[in-house]
Amino acid sequence: MTVKLDFEECLKDSPRFRASIELVEAEVSELETRLEKLLKLGTGLLESGRHYLAASRAFIAGIYDLAHLGPPEPMMAECLDKFTISLNHKLDSHLELLDATQHTLQQQIQTLVKEGLRGFREARRDFWRGAESLEAALSHNAEVPRRRTQEAEEAGAALRTARAGYRGRALDYALQINVIEDKRKFDIMEFVLRLVEAQAVYFQQGHEELSQLAQYRKELGAQLHQLVLNSAREKRDMEQRHVLLKQKELGGEEPEPSLKAGPNGLVMEGHLFKRASNAFKTWSRRWFTIQSNQLVYQKRYKDPVTVVVDDLRLCTVKLCPDSERRFCFEVVSTSKSCLLQADSERLLQLWVSAVQSSIASAFSQAPLDDSPRGPGQSSGHLTLGSASAPGSGGTARGKEPRTVGHVAAQVQSVDGNAQCCDCREPAPEWASINLGVTLCIECSGIHRSLGVHFSKVRSLTLDSWEPELVKLMCELGNVIINQIYEARVEAMAVKKPGPSCSRQEKEAWIHAKYVEKKFLTKLPEIQGRRGGRGAPRGHPPVPPKPSIKPRPGSIRPKPEPPSEDLGSLHPGALLFRAAGHPPSLPTMADALAHGADVNWVNAGQENATPLIQATAANSLLACEFLLQNGANVNQADSQGRGPLHHATILGHTGLACLFLKRGADLGAQDSEGRDPLTIAMETANADIVTLLRLAKMREAEAAQGQAGDETYLDIFRDFSLMASDDPEKLSRRSHDLYTL
């Protein structure tokens with residue numbers, strides 16, 4: 001035990017002892033305050049813990065109720081039952097932790113406050129009372145006159161008694177101080193130790209509980225993966241049917257229904273307006289059905305049916321050309337008549353024919369395959385039988401749509417993309433991937449007719465989309481492209497077609513905009529522009545730029561010097577400059593719109609192409625944009641190096657993956673006789689070596705007519721996603737790649 005106060009100093013009652021007493025009392029007072037605070041915090045912790053347990057149990061009960069909602073599904077019920085039982089066990093362990101925490105607080109901290117500090121307070125009170133008595137006895141003894149002997153002896157005896165009492169109390173107080181000082185140490189440490197042990201038991205029980213479900217969770221994950229795959233296939237089927245029906249509906253075509261003979265007569269149903277027989281003659285829309293030789297209707301599905309005609313053999317049907325309303329016919333029986341109205345002339349003929357056929361069927365009970373039909377039968381709100389006739393959709397299931405659900409929403413969220421780029425039709429579901437614009441279905445058909453050298457059309461909902469293409473679409477968009485191709489529309493006072501314009505008007509507009517390029521900003525004459533290859537004879541090429549030949553230890557190109565005037569560049573040189581670091585896709589699109597050759601060669605920079613320039617800048621989007629606009633992935637510079645060589649040398653794994661997907665030549669050699677795989681092995685780039693070897697294996701399998709497995713595509717897909725979403729993960733760690 002550590003001695004806080006010296007007993008000898010206590011007997012001397014020195015100023016040092018009194019100062020120590022005051023210091024200890026201040027410390028004990030602070031200790032008491034902090035212990036009470038800890039007790040209050042512990043009480044709050046226990047209350048909030050029990051509230052959490054109550055809420056958790058209610059949540060688990062909600063999960064249990066969810067498991068038993070609707071028709072029983074064994075796999076879901078088993079999963080939720082197992083997990084709710086496991087969660088309940090964990091909550092029981094949590095309750096045990098709270099109980100252990102409460103017990104430890106009461107046994108250690110609360111006992112220290114109530115018993116240890118109470119003894120200290122009593123000893124302090126006795127000590128200070130003894131000190132006051134001693135002070136009074138000393139003062140009285142000092143004040144007794146010399147001549148009063150008897151009084152002096154009594155004062156001396158009282159002083160000795162007071163001093164003895166004070167010393168006893170001081171010793172007791174000093175002992176209590178030393179005891180409480182030592183006791184607080186091991187009480188607090190024991191409290192923490194017991195708390196940690198309770199936590200260890202809690203987490204150990206949780207670990208054991210979850211370990212028991214490890215195998216089940218693994219099996220459930222495999223089953224869930226299969227369910228996700230099945231759900232994705234079903235989703236594609238539903239989306240295909242949805243798109244086909246939507247296209248057919250937008251085309252104004254109505255599905256051709258068929259009459260179906262049921263076991264109890266003709267089955268036919270649909271919406272009709274019925275005139276009431278009351279004095280007001282009001283019209284109400286109801287759902288009519290012909291079945292079991294009766295004509296019945298109902299307002300809502302669960303409503304009881306109302307019989308209009310009990311027996312179709314006792315009625316007839318006739319048209320009502322004199323009615324105030326169009327498309328009316330009347331069903332007349334022996335007891336009453338009912339005036340009905342269809343939605344169109346074609347539906348009117350269909351209903352009249354159906355009622356007539358039902359009357360004939362009621363008499364003969366013969367099959368109705370050859371029953372008469374009205375001319376041009378069609379249906380709007382009508383459903384015949386239990387299913388449509390085969391082929392009524394008008395479209396074969398030849399092509400499975402490959403859909404990425406969020407692509408349309410992501411692309412349409414770009415400013416201006418929520419409307420068709422050319423006619424402003426809302427919610428366009430098609431896109432031109434080389435232009436970077438969204439299109440409605442009609443304008444997309446016109447774009448297709450222009451040819452892929454002008455526009456490459458793809459569906460936002462039916463086709464699969466690579467991540468780099470989605471980012472490319474989001475980087476450009478209708479606003480940027482229209483600022484280029486429609487720059488002079490307002491100055492020329494040309495009216496842009498709207499959604500309701502005819503196809504001929506839209507076709508003329510699109511041809512003038514993209515083929516004739518009538519609305520582009522006019523550039524200065526080529527003779528006054530600085531050009532490279534393809535510039536008029538007699539005019540200087542673009543001033544030589546720093547060569548992309550690498551310095552020792554690196555092949556990274558030096559930065560471009562600042563351009564004095566990009567507007568003075570030849571379109572090909574402008575495209576080359578815009579593809580550099582940092583690349584500018586709007587400027588590249590502007591250069592292509594003004595006739596830039598996508599494979600333009602910069603003679604002053606080792607015959608580098610814009611694609612090689614974008615490769616040096618490590619821009620996945622710029623390379624994808626150039627490739628979509630016809631850039632040659634195998635065009636080499638003066639050293640015989642194509643884009644794949646440069647991507648390999650620079651360690652740009654994402655670009656190497658892109659070029660391999662776009663058909664880069666694996667066997668192409670540079671002027672030093674090295675192919676991309678040799679370069680990758682020299683630079684010790686494991687990722688690119690893996691890609692190139694897989695590509696060579698795939699190429700060899702294809703040459704032998706073997707289909708190969710999906711590993712190649714899976715790895716390329718992973719690299720593509722990483723290059724698009726996490727390009728920093730593909731960055732080289734060292735700039736000292738190798739020395740040429």
# chains A, B, ... in the order shown; residues from 1 in each chain; ligands from 1
$ residues_around --residues "Leu644 of chain A" --least-positions-apart "4" --cutoff "7 Å" --atoms "only C-alpha atoms" --output "ChimeraX atom specification"
/A:648,656,659,664,676
$ residues_around --residues "Phe59 of chain A" --least-positions-apart "5" --cutoff "12 Å" --atoms "only C-alpha atoms" --output "PyMOL selection string"
chain A and resi 52-54+64-66+84+87-88+91
$ write_last_selection --atoms "N, CA, C and O atoms" --output "PDB file, in the first residue's frame"
ATOM      1  N   TYR A  52     -32.435  -0.133 -26.720  1.00  0.00           N
ATOM      2  CA  TYR A  52     -31.943  -0.726 -27.972  1.00  0.00           C
ATOM      3  C   TYR A  52     -32.400  -2.179 -28.103  1.00  0.00           C
ATOM      4  O   TYR A  52     -32.824  -2.627 -29.180  1.00  0.00           O
ATOM      5  N   LEU A  53     -32.340  -2.920 -26.989  1.00  0.00           N
ATOM      6  CA  LEU A  53     -32.775  -4.307 -27.035  1.00  0.00           C
ATOM      7  C   LEU A  53     -34.261  -4.408 -27.339  1.00  0.00           C
ATOM      8  O   LEU A  53     -34.686  -5.262 -28.127  1.00  0.00           O
ATOM      9  N   ALA A  54     -35.042  -3.519 -26.738  1.00  0.00           N
ATOM     10  CA  ALA A  54     -36.488  -3.548 -27.004  1.00  0.00           C
ATOM     11  C   ALA A  54     -36.769  -3.234 -28.475  1.00  0.00           C
ATOM     12  O   ALA A  54     -37.582  -3.905 -29.128  1.00  0.00           O
ATOM     13  N   TYR A  64     -39.728 -11.451 -38.686  1.00  0.00           N
ATOM     14  CA  TYR A  64     -40.456 -12.716 -38.591  1.00  0.00           C
ATOM     15  C   TYR A  64     -41.820 -12.601 -39.271  1.00  0.00           C
ATOM     16  O   TYR A  64     -42.262 -13.513 -39.988  1.00  0.00           O
ATOM     17  N   ASP A  65     -42.507 -11.481 -39.067  1.00  0.00           N
ATOM     18  CA  ASP A  65     -43.792 -11.276 -39.742  1.00  0.00           C
ATOM     19  C   ASP A  65     -43.616 -11.212 -41.249  1.00  0.00           C
ATOM     20  O   ASP A  65     -44.454 -11.714 -42.014  1.00  0.00           O
ATOM     21  N   LEU A  66     -42.514 -10.576 -41.699  1.00  0.00           N
ATOM     22  CA  LEU A  66     -42.245 -10.491 -43.135  1.00  0.00           C
ATOM     23  C   LEU A  66     -42.044 -11.869 -43.738  1.00  0.00           C
ATOM     24  O   LEU A  66     -42.439 -12.130 -44.875  1.00  0.00           O
ATOM     25  N   THR A  84     -33.463 -14.777 -37.543  1.00  0.00           N
ATOM     26  CA  THR A  84     -34.140 -14.161 -36.391  1.00  0.00           C
ATOM     27  C   THR A  84     -33.800 -14.893 -35.100  1.00  0.00           C
ATOM     28  O   THR A  84     -33.616 -14.264 -34.048  1.00  0.00           O
ATOM     29  N   LEU A  87     -30.298 -13.757 -34.228  1.00  0.00           N
ATOM     30  CA  LEU A  87     -30.308 -12.396 -33.698  1.00  0.00           C
ATOM     31  C   LEU A  87     -30.883 -12.346 -32.286  1.00  0.00           C
ATOM     32  O   LEU A  87     -30.406 -11.578 -31.440  1.00  0.00           O
ATOM     33  N   ASN A  88     -31.883 -13.157 -32.010  1.00  0.00           N
ATOM     34  CA  ASN A  88     -32.439 -13.207 -30.655  1.00  0.00           C
ATOM     35  C   ASN A  88     -31.410 -13.716 -29.657  1.00  0.00           C
ATOM     36  O   ASN A  88     -31.310 -13.214 -28.527  1.00  0.00           O
ATOM     37  N   LEU A  91     -29.086 -10.943 -28.938  1.00  0.00           N
ATOM     38  CA  LEU A  91     -29.699  -9.957 -28.050  1.00  0.00           C
ATOM     39  C   LEU A  91     -29.727 -10.469 -26.609  1.00  0.00           C
ATOM     40  O   LEU A  91     -29.581  -9.690 -25.661  1.00  0.00           O
TER      41      LEU A  91
END
$ closest_residue --among "A:Met492, A:Val470, A:Ala608, A:Met588" --to "Ala622 of chain A" --atoms "only C-alpha atoms"
A:Met588
$ closest_residue --among "A:Glu239, A:Glu181, A:Glu115, A:Asp422" --to "Ala508 of chain A" --atoms "only C-alpha atoms"
A:Asp422
$ residues_around --residues "Thr161 of chain A" --least-positions-apart "6" --cutoff "10 Å" --atoms "only C-alpha atoms" --output "list in words"
Ser133, Leu134, Ala137 and Ala155 of chain A
$ write_last_selection --atoms "C-alpha atoms" --output "mmCIF file, in the first residue's frame"
data_model
loop_
_atom_site.group_PDB
_atom_site.id
_atom_site.type_symbol
_atom_site.label_atom_id
_atom_site.label_comp_id
_atom_site.auth_asym_id
_atom_site.auth_seq_id
_atom_site.Cartn_x
_atom_site.Cartn_y
_atom_site.Cartn_z
ATOM 1 C CA SER A 133 -11.443 21.389 20.172
ATOM 2 C CA LEU A 134 -7.613 21.457 20.281
ATOM 3 C CA ALA A 137 -8.105 24.210 24.450
ATOM 4 C CA ALA A 155 -6.811 24.211 31.545
#
$ residues_around --residues "Gln294 of chain A" --least-positions-apart "5" --cutoff "6 Å" --atoms "only C-alpha atoms" --output "PyMOL selection string"
chain A and resi 309-312
$ write_last_selection --atoms "N, CA and C atoms" --output "PDB file, in the first residue's frame"
ATOM      1  N   VAL A 309     -78.307  -9.590 -69.920  1.00  0.00           N
ATOM      2  CA  VAL A 309     -79.118 -10.549 -70.675  1.00  0.00           C
ATOM      3  C   VAL A 309     -78.921 -11.918 -70.049  1.00  0.00           C
ATOM      4  N   ASP A 310     -80.017 -12.513 -69.579  1.00  0.00           N
ATOM      5  CA  ASP A 310     -79.916 -13.819 -68.930  1.00  0.00           C
ATOM      6  C   ASP A 310     -79.590 -14.923 -69.922  1.00  0.00           C
ATOM      7  N   ASP A 311     -80.192 -14.845 -71.090  1.00  0.00           N
ATOM      8  CA  ASP A 311     -80.007 -15.897 -72.090  1.00  0.00           C
ATOM      9  C   ASP A 311     -79.858 -15.231 -73.447  1.00  0.00           C
ATOM     10  N   LEU A 312     -78.675 -15.388 -74.057  1.00  0.00           N
ATOM     11  CA  LEU A 312     -78.431 -14.730 -75.341  1.00  0.00           C
ATOM     12  C   LEU A 312     -79.336 -15.254 -76.447  1.00  0.00           C
TER      13      LEU A 312
END
$ atom_distance --atom1 "atom CA of Leu476 of chain A" --atom2 "atom CA of Ala493 of chain A"
25.7 Å
$ residues_around --residues "segment 304-307 of chain A" --least-positions-apart "2" --cutoff "12 Å" --atoms "only C-alpha atoms" --output "ChimeraX atom specification"
/A:286-302,309-312,336,338
$ write_last_selection --atoms "N, CA and C atoms" --output "JSON list (two decimals), in the first residue's frame"
[["chain", "number", "residue", "atom", "x", "y", "z"],
["A", 286, "ARG", "N", -68.31, 0.65, -67.83],
["A", 286, "ARG", "CA", -68.31, -0.60, -67.09],
["A", 286, "ARG", "C", -67.53, -1.67, -67.86],
["A", 287, "TRP", "N", -67.15, -2.70, -67.15],
["A", 287, "TRP", "CA", -66.42, -3.83, -67.73],
["A", 287, "TRP", "C", -67.42, -4.94, -68.07],
["A", 288, "PHE", "N", -67.62, -5.16, -69.37],
["A", 288, "PHE", "CA", -68.60, -6.13, -69.85],
["A", 288, "PHE", "C", -67.93, -7.44, -70.20],
["A", 289, "THR", "N", -68.66, -8.52, -69.99],
["A", 289, "THR", "CA", -68.16, -9.86, -70.28],
["A", 289, "THR", "C", -69.27, -10.69, -70.90],
["A", 290, "ILE", "N", -68.91, -11.43, -71.95],
["A", 290, "ILE", "CA", -69.82, -12.41, -72.53],
["A", 290, "ILE", "C", -69.32, -13.79, -72.13],
["A", 291, "GLN", "N", -70.10, -14.49, -71.35],
["A", 291, "GLN", "CA", -69.69, -15.82, -70.89],
["A", 291, "GLN", "C", -70.92, -16.60, -70.48],
["A", 292, "SER", "N", -70.86, -17.90, -70.66],
["A", 292, "SER", "CA", -71.96, -18.79, -70.26],
["A", 292, "SER", "C", -73.29, -18.33, -70.83],
["A", 293, "ASN", "N", -73.28, -17.87, -72.12],
["A", 293, "ASN", "CA", -74.51, -17.44, -72.80],
["A", 293, "ASN", "C", -75.20, -16.28, -72.10],
["A", 294, "GLN", "N", -74.39, -15.44, -71.42],
["A", 294, "GLN", "CA", -74.94, -14.28, -70.74],
["A", 294, "GLN", "C", -74.07, -13.05, -71.05],
["A", 295, "LEU", "N", -74.69, -11.89, -70.98],
["A", 295, "LEU", "CA", -73.98, -10.61, -71.07],
["A", 295, "LEU", "C", -74.06, -9.96, -69.69],
["A", 296, "VAL", "N", -72.90, -9.78, -69.03],
["A", 296, "VAL", "CA", -72.87, -9.24, -67.67],
["A", 296, "VAL", "C", -71.85, -8.10, -67.61],
["A", 297, "TYR", "N", -71.91, -7.30, -66.54],
["A", 297, "TYR", "CA", -70.92, -6.25, -66.35],
["A", 297, "TYR", "C", -70.69, -6.03, -64.86],
["A", 298, "GLN", "N", -69.57, -5.35, -64.55],
["A", 298, "GLN", "CA", -69.25, -4.98, -63.18],
["A", 298, "GLN", "C", -68.39, -3.72, -63.22],
["A", 299, "LYS", "N", -68.42, -2.96, -62.12],
["A", 299, "LYS", "CA", -67.67, -1.70, -62.04],
["A", 299, "LYS", "C", -66.23, -1.96, -61.61],
["A", 300, "ARG", "N", -66.06, -2.73, -60.56],
["A", 300, "ARG", "CA", -64.74, -3.10, -60.08],
["A", 300, "ARG", "C", -64.62, -4.61, -60.06],
["A", 301, "TYR", "N", -63.40, -5.07, -59.94],
["A", 301, "TYR", "CA", -63.15, -6.50, -60.09],
["A", 301, "TYR", "C", -63.88, -7.32, -59.04],
["A", 302, "LYS", "N", -63.91, -6.84, -57.80],
["A", 302, "LYS", "CA", -64.51, -7.62, -56.72],
["A", 302, "LYS", "C", -66.01, -7.37, -56.56],
["A", 309, "VAL", "N", -78.31, -9.59, -69.92],
["A", 309, "VAL", "CA", -79.12, -10.55, -70.67],
["A", 309, "VAL", "C", -78.92, -11.92, -70.05],
["A", 310, "ASP", "N", -80.02, -12.51, -69.58],
["A", 310, "ASP", "CA", -79.92, -13.82, -68.93],
["A", 310, "ASP", "C", -79.59, -14.92, -69.92],
["A", 311, "ASP", "N", -80.19, -14.85, -71.09],
["A", 311, "ASP", "CA", -80.01, -15.90, -72.09],
["A", 311, "ASP", "C", -79.86, -15.23, -73.45],
["A", 312, "LEU", "N", -78.68, -15.39, -74.06],
["A", 312, "LEU", "CA", -78.43, -14.73, -75.34],
["A", 312, "LEU", "C", -79.34, -15.25, -76.45],
["A", 336, "LYS", "N", -86.31, -6.35, -71.95],
["A", 336, "LYS", "CA", -85.69, -5.04, -71.85],
["A", 336, "LYS", "C", -84.65, -4.87, -72.95],
["A", 338, "CYS", "N", -80.77, -2.63, -73.85],
["A", 338, "CYS", "CA", -79.62, -1.97, -73.22],
["A", 338, "CYS", "C", -78.82, -1.28, -74.31]]
$ residues_around --residues "Lys183 of chain A" --least-positions-apart "4" --cutoff "9 Å" --atoms "only C-alpha atoms" --output "PyMOL selection string"
chain A and resi 112+116+178-179+187-188
$ write_last_selection --atoms "N, CA, C and O atoms" --output "short mmCIF file (atom, residue, chain, number, x, y, z; two decimals), in the first residue's frame"
data_model
loop_
_atom_site.label_atom_id
_atom_site.label_comp_id
_atom_site.auth_asym_id
_atom_site.auth_seq_id
_atom_site.Cartn_x
_atom_site.Cartn_y
_atom_site.Cartn_z
N LEU A 112 -17.76 1.83 -3.63
CA LEU A 112 -16.70 2.78 -3.30
C LEU A 112 -17.28 4.12 -2.88
O LEU A 112 -16.79 4.75 -1.94
N GLY A 116 -16.68 3.41 1.00
CA GLY A 116 -15.32 3.94 1.14
C GLY A 116 -15.33 5.43 1.39
O GLY A 116 -14.68 5.94 2.34
N ASN A 178 -5.10 7.19 3.54
CA ASN A 178 -4.22 6.22 2.87
C ASN A 178 -5.01 5.03 2.34
O ASN A 178 -4.73 4.51 1.26
N VAL A 179 -6.01 4.59 3.13
CA VAL A 179 -6.81 3.44 2.69
C VAL A 179 -7.63 3.80 1.45
O VAL A 179 -7.68 3.04 0.48
N ASP A 187 -10.12 -0.80 -6.88
CA ASP A 187 -11.54 -0.87 -7.18
C ASP A 187 -11.83 -0.48 -8.64
O ASP A 187 -12.60 -1.13 -9.35
N ILE A 188 -11.21 0.61 -9.07
CA ILE A 188 -11.42 1.07 -10.45
C ILE A 188 -10.83 0.07 -11.45
O ILE A 188 -11.44 -0.28 -12.47
#
$ closest_residue --among "A:Asn618, A:Asn602, A:Asn230, A:Ser444" --to "Leu655 of chain A" --atoms "only C-alpha atoms"
A:Asn618
$ residues_around --residues "Ala680 of chain A" --least-positions-apart "5" --cutoff "12 Å" --atoms "only C-alpha atoms" --output "list in words"
Leu644, His645, His646, Ala647, Thr648, Ile649, Leu650, Gly651, His652, Thr653, Ala656, Leu666, Arg674, Asp675, Asn685, Ala686, Asp687, Ile688, Val689, Thr690, Leu691, Leu692, Arg693, Leu737 and Tyr738 of chain A
$ write_last_selection --atoms "N, CA, C and O atoms" --output "mmCIF file, in the first residue's frame"
data_model
loop_
_atom_site.group_PDB
_atom_site.id
_atom_site.type_symbol
_atom_site.label_atom_id
_atom_site.label_comp_id
_atom_site.auth_asym_id
_atom_site.auth_seq_id
_atom_site.Cartn_x
_atom_site.Cartn_y
_atom_site.Cartn_z
ATOM 1 N N LEU A 644 -1.116 0.439 -78.836
ATOM 2 C CA LEU A 644 -0.893 -0.612 -77.855
ATOM 3 C C LEU A 644 0.554 -0.615 -77.372
ATOM 4 O O LEU A 644 0.822 -0.852 -76.187
ATOM 5 N N HIS A 645 1.525 -0.351 -78.283
ATOM 6 C CA HIS A 645 2.921 -0.247 -77.862
ATOM 7 C C HIS A 645 3.081 0.853 -76.811
ATOM 8 O O HIS A 645 3.715 0.657 -75.767
ATOM 9 N N HIS A 646 2.524 2.030 -77.112
ATOM 10 C CA HIS A 646 2.693 3.167 -76.201
ATOM 11 C C HIS A 646 1.997 2.914 -74.860
ATOM 12 O O HIS A 646 2.532 3.265 -73.801
ATOM 13 N N ALA A 647 0.802 2.316 -74.888
ATOM 14 C CA ALA A 647 0.112 2.009 -73.631
ATOM 15 C C ALA A 647 0.916 1.016 -72.799
ATOM 16 O O ALA A 647 0.989 1.117 -71.570
ATOM 17 N N THR A 648 1.569 0.054 -73.479
ATOM 18 C CA THR A 648 2.373 -0.936 -72.773
ATOM 19 C C THR A 648 3.617 -0.294 -72.168
ATOM 20 O O THR A 648 3.978 -0.538 -71.014
ATOM 21 N N ILE A 649 4.287 0.557 -72.956
ATOM 22 C CA ILE A 649 5.508 1.203 -72.475
ATOM 23 C C ILE A 649 5.205 2.111 -71.282
ATOM 24 O O ILE A 649 5.921 2.127 -70.285
ATOM 25 N N LEU A 650 4.104 2.852 -71.384
ATOM 26 C CA LEU A 650 3.758 3.797 -70.322
ATOM 27 C C LEU A 650 3.086 3.121 -69.126
ATOM 28 O O LEU A 650 2.849 3.767 -68.104
ATOM 29 N N GLY A 651 2.740 1.839 -69.265
ATOM 30 C CA GLY A 651 2.092 1.145 -68.151
ATOM 31 C C GLY A 651 0.643 1.519 -67.967
ATOM 32 O O GLY A 651 0.111 1.411 -66.868
ATOM 33 N N HIS A 652 -0.028 1.950 -69.035
ATOM 34 C CA HIS A 652 -1.447 2.318 -68.943
ATOM 35 C C HIS A 652 -2.279 1.057 -69.167
ATOM 36 O O HIS A 652 -2.703 0.748 -70.297
ATOM 37 N N THR A 653 -2.549 0.321 -68.099
ATOM 38 C CA THR A 653 -3.224 -0.972 -68.230
ATOM 39 C C THR A 653 -4.636 -0.824 -68.782
ATOM 40 O O THR A 653 -5.085 -1.626 -69.602
ATOM 41 N N ALA A 656 -4.446 -0.338 -72.498
ATOM 42 C CA ALA A 656 -4.059 -1.579 -73.157
ATOM 43 C C ALA A 656 -5.252 -2.523 -73.272
ATOM 44 O O ALA A 656 -5.474 -3.153 -74.317
ATOM 45 N N LEU A 666 -1.564 -7.936 -81.919
ATOM 46 C CA LEU A 666 -0.642 -8.395 -80.883
ATOM 47 C C LEU A 666 0.761 -8.645 -81.420
ATOM 48 O O LEU A 666 1.732 -8.608 -80.671
ATOM 49 N N ARG A 674 10.344 -5.286 -81.450
ATOM 50 C CA ARG A 674 9.695 -5.728 -80.225
ATOM 51 C C ARG A 674 8.179 -5.597 -80.362
ATOM 52 O O ARG A 674 7.687 -4.560 -80.810
ATOM 53 N N ASP A 675 7.478 -6.659 -79.983
ATOM 54 C CA ASP A 675 6.023 -6.591 -79.958
ATOM 55 C C ASP A 675 5.572 -6.145 -78.562
ATOM 56 O O ASP A 675 6.386 -6.058 -77.633
ATOM 57 N N ASN A 685 5.556 -5.239 -66.176
ATOM 58 C CA ASN A 685 4.182 -4.854 -65.862
ATOM 59 C C ASN A 685 3.320 -6.109 -65.862
ATOM 60 O O ASN A 685 2.918 -6.610 -66.907
ATOM 61 N N ALA A 686 3.069 -6.659 -64.682
ATOM 62 C CA ALA A 686 2.391 -7.949 -64.570
ATOM 63 C C ALA A 686 0.981 -7.898 -65.140
ATOM 64 O O ALA A 686 0.524 -8.853 -65.772
ATOM 65 N N ASP A 687 0.263 -6.778 -64.929
ATOM 66 C CA ASP A 687 -1.117 -6.686 -65.408
ATOM 67 C C ASP A 687 -1.181 -6.754 -66.929
ATOM 68 O O ASP A 687 -1.975 -7.507 -67.516
ATOM 69 N N ILE A 688 -0.359 -5.968 -67.595
ATOM 70 C CA ILE A 688 -0.394 -5.951 -69.059
ATOM 71 C C ILE A 688 0.139 -7.263 -69.616
ATOM 72 O O ILE A 688 -0.370 -7.759 -70.635
ATOM 73 N N VAL A 689 1.143 -7.851 -68.979
ATOM 74 C CA VAL A 689 1.625 -9.165 -69.431
ATOM 75 C C VAL A 689 0.485 -10.178 -69.380
ATOM 76 O O VAL A 689 0.287 -10.975 -70.307
ATOM 77 N N THR A 690 -0.290 -10.152 -68.283
ATOM 78 C CA THR A 690 -1.429 -11.071 -68.159
ATOM 79 C C THR A 690 -2.438 -10.843 -69.277
ATOM 80 O O THR A 690 -2.918 -11.792 -69.908
ATOM 81 N N LEU A 691 -2.775 -9.575 -69.547
ATOM 82 C CA LEU A 691 -3.741 -9.269 -70.598
ATOM 83 C C LEU A 691 -3.243 -9.736 -71.955
ATOM 84 O O LEU A 691 -3.984 -10.347 -72.735
ATOM 85 N N LEU A 692 -1.978 -9.447 -72.286
ATOM 86 C CA LEU A 692 -1.447 -9.798 -73.602
ATOM 87 C C LEU A 692 -1.352 -11.308 -73.768
ATOM 88 O O LEU A 692 -1.639 -11.842 -74.851
ATOM 89 N N ARG A 693 -0.951 -12.016 -72.725
ATOM 90 C CA ARG A 693 -0.880 -13.473 -72.837
ATOM 91 C C ARG A 693 -2.269 -14.079 -73.017
ATOM 92 O O ARG A 693 -2.455 -15.009 -73.811
ATOM 93 N N LEU A 737 10.371 3.227 -65.961
ATOM 94 C CA LEU A 737 9.832 2.028 -66.587
ATOM 95 C C LEU A 737 10.946 1.192 -67.195
ATOM 96 O O LEU A 737 11.130 0.037 -66.866
ATOM 97 N N TYR A 738 11.652 1.742 -68.095
ATOM 98 C CA TYR A 738 12.815 1.056 -68.642
ATOM 99 C C TYR A 738 13.513 2.033 -69.559
ATOM 100 O O TYR A 738 12.996 3.070 -69.917
#
$ atom_distance --atom1 "atom CA of Leu46 of chain A" --atom2 "atom CA of Leu210 of chain A"
25.0 Å
$ closest_residue --among "A:Ile109, A:Ile484, A:Leu611, A:Ala617" --to "Ala593 of chain A" --atoms "only C-alpha atoms"
A:Ile484
